[in-house]
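Presented below is the structure to which this report refers.
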Amino acid sequence: MAATATSNINIRVPKPTRALIDKAARALGRNRSEFVLEVARERAMEVLLDRTQFDLTAGEHKRFMAILDRPLPKESAQALKRLLERKAPWEV
């Protein structure tokens, strides 16, 4: 997170929550702002990556389906085949 901060987020929290956040931040060698920003960013990415339903316009849907219907390049197809043939870490 090397980007320069350009806007503020102000939140009010109960004192025990602030103390807990400060303790966790210190445990990681970060200040409160760095810790809260890192955790909020990670959670935001997690939420967005876990989405299973996306709302698309008719045009977006058509484009998406066209991309899915394209054949894989030979290198990608071979890499996918190797990946699917490999045992999962919990199966080893």
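How things are named: the first chain in the structure tokens is A, the next is B, and so on; residues count from 1 in each chain; ligands count from 1 in the order shown.
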Phe35 in chain A surroundings by only C-alpha atoms, 9 Å radius, close-in-sequence under 2 positions cut, as a PDB file with N, CA and C atoms, in the first residue's frame:
```pdb
ATOM      1  N   ILE A  21      -8.087  -3.069  18.607  1.00  0.00           N
ATOM      2  CA  ILE A  21      -7.443  -2.725  17.332  1.00  0.00           C
ATOM      3  C   ILE A  21      -6.020  -2.243  17.578  1.00  0.00           C
ATOM      4  N   ASP A  22      -5.846  -1.384  18.574  1.00  0.00           N
ATOM      5  CA  ASP A  22      -4.505  -0.873  18.885  1.00  0.00           C
ATOM      6  C   ASP A  22      -3.567  -1.998  19.297  1.00  0.00           C
ATOM      7  N   ALA A  24      -3.753  -5.191  18.445  1.00  0.00           N
ATOM      8  CA  ALA A  24      -3.437  -5.990  17.259  1.00  0.00           C
ATOM      9  C   ALA A  24      -2.457  -5.248  16.349  1.00  0.00           C
ATOM     10  N   ALA A  25      -2.654  -3.945  16.195  1.00  0.00           N
ATOM     11  CA  ALA A  25      -1.752  -3.147  15.353  1.00  0.00           C
ATOM     12  C   ALA A  25      -0.336  -3.185  15.918  1.00  0.00           C
ATOM     13  N   ARG A  26      -0.213  -3.000  17.226  1.00  0.00           N
ATOM     14  CA  ARG A  26       1.119  -3.047  17.866  1.00  0.00           C
ATOM     15  C   ARG A  26       1.767  -4.413  17.679  1.00  0.00           C
ATOM     16  N   LEU A  28       1.602  -6.274  15.238  1.00  0.00           N
ATOM     17  CA  LEU A  28       2.130  -6.364  13.874  1.00  0.00           C
ATOM     18  C   LEU A  28       3.114  -5.249  13.543  1.00  0.00           C
ATOM     19  N   ARG A  30       2.436  -2.025  13.454  1.00  0.00           N
ATOM     20  CA  ARG A  30       1.780  -1.001  12.647  1.00  0.00           C
ATOM     21  C   ARG A  30       1.060  -0.018  13.553  1.00  0.00           C
ATOM     22  N   ASN A  31       0.718   1.131  12.999  1.00  0.00           N
ATOM     23  CA  ASN A  31      -0.121   2.046  13.765  1.00  0.00           C
ATOM     24  C   ASN A  31      -1.583   1.709  13.466  1.00  0.00           C
ATOM     25  N   ARG A  32      -2.482   2.351  14.193  1.00  0.00           N
ATOM     26  CA  ARG A  32      -3.909   2.044  14.058  1.00  0.00           C
ATOM     27  C   ARG A  32      -4.398   2.248  12.632  1.00  0.00           C
ATOM     28  N   SER A  33      -4.042   3.368  12.031  1.00  0.00           N
ATOM     29  CA  SER A  33      -4.510   3.662  10.666  1.00  0.00           C
ATOM     30  C   SER A  33      -4.024   2.620   9.668  1.00  0.00           C
ATOM     31  N   LEU A  37      -6.656   0.160   7.770  1.00  0.00           N
ATOM     32  CA  LEU A  37      -6.683   0.226   6.315  1.00  0.00           C
ATOM     33  C   LEU A  37      -6.353  -1.131   5.693  1.00  0.00           C
ATOM     34  N   GLU A  38      -5.321  -1.786   6.205  1.00  0.00           N
ATOM     35  CA  GLU A  38      -4.929  -3.087   5.668  1.00  0.00           C
ATOM     36  C   GLU A  38      -6.045  -4.117   5.832  1.00  0.00           C
ATOM     37  N   VAL A  39      -6.604  -4.189   7.024  1.00  0.00           N
ATOM     38  CA  VAL A  39      -7.649  -5.179   7.295  1.00  0.00           C
ATOM     39  C   VAL A  39      -8.918  -4.875   6.496  1.00  0.00           C
ATOM     40  N   ALA A  40      -9.298  -3.609   6.408  1.00  0.00           N
ATOM     41  CA  ALA A  40     -10.493  -3.233   5.644  1.00  0.00           C
ATOM     42  C   ALA A  40     -10.297  -3.535   4.164  1.00  0.00           C
TER      43      ALA A  40
END
```
Legend entry - Residue set, range 1-87 of chain A restricted to helix (DSSP H, G or I), as a ChimeraX atom specification: /A:15-27,32-49,58-69,74-85
Legend entry - Separation of CA of Met45 in chain A from CA of Leu83 in chain A in Å: 24.8 Å
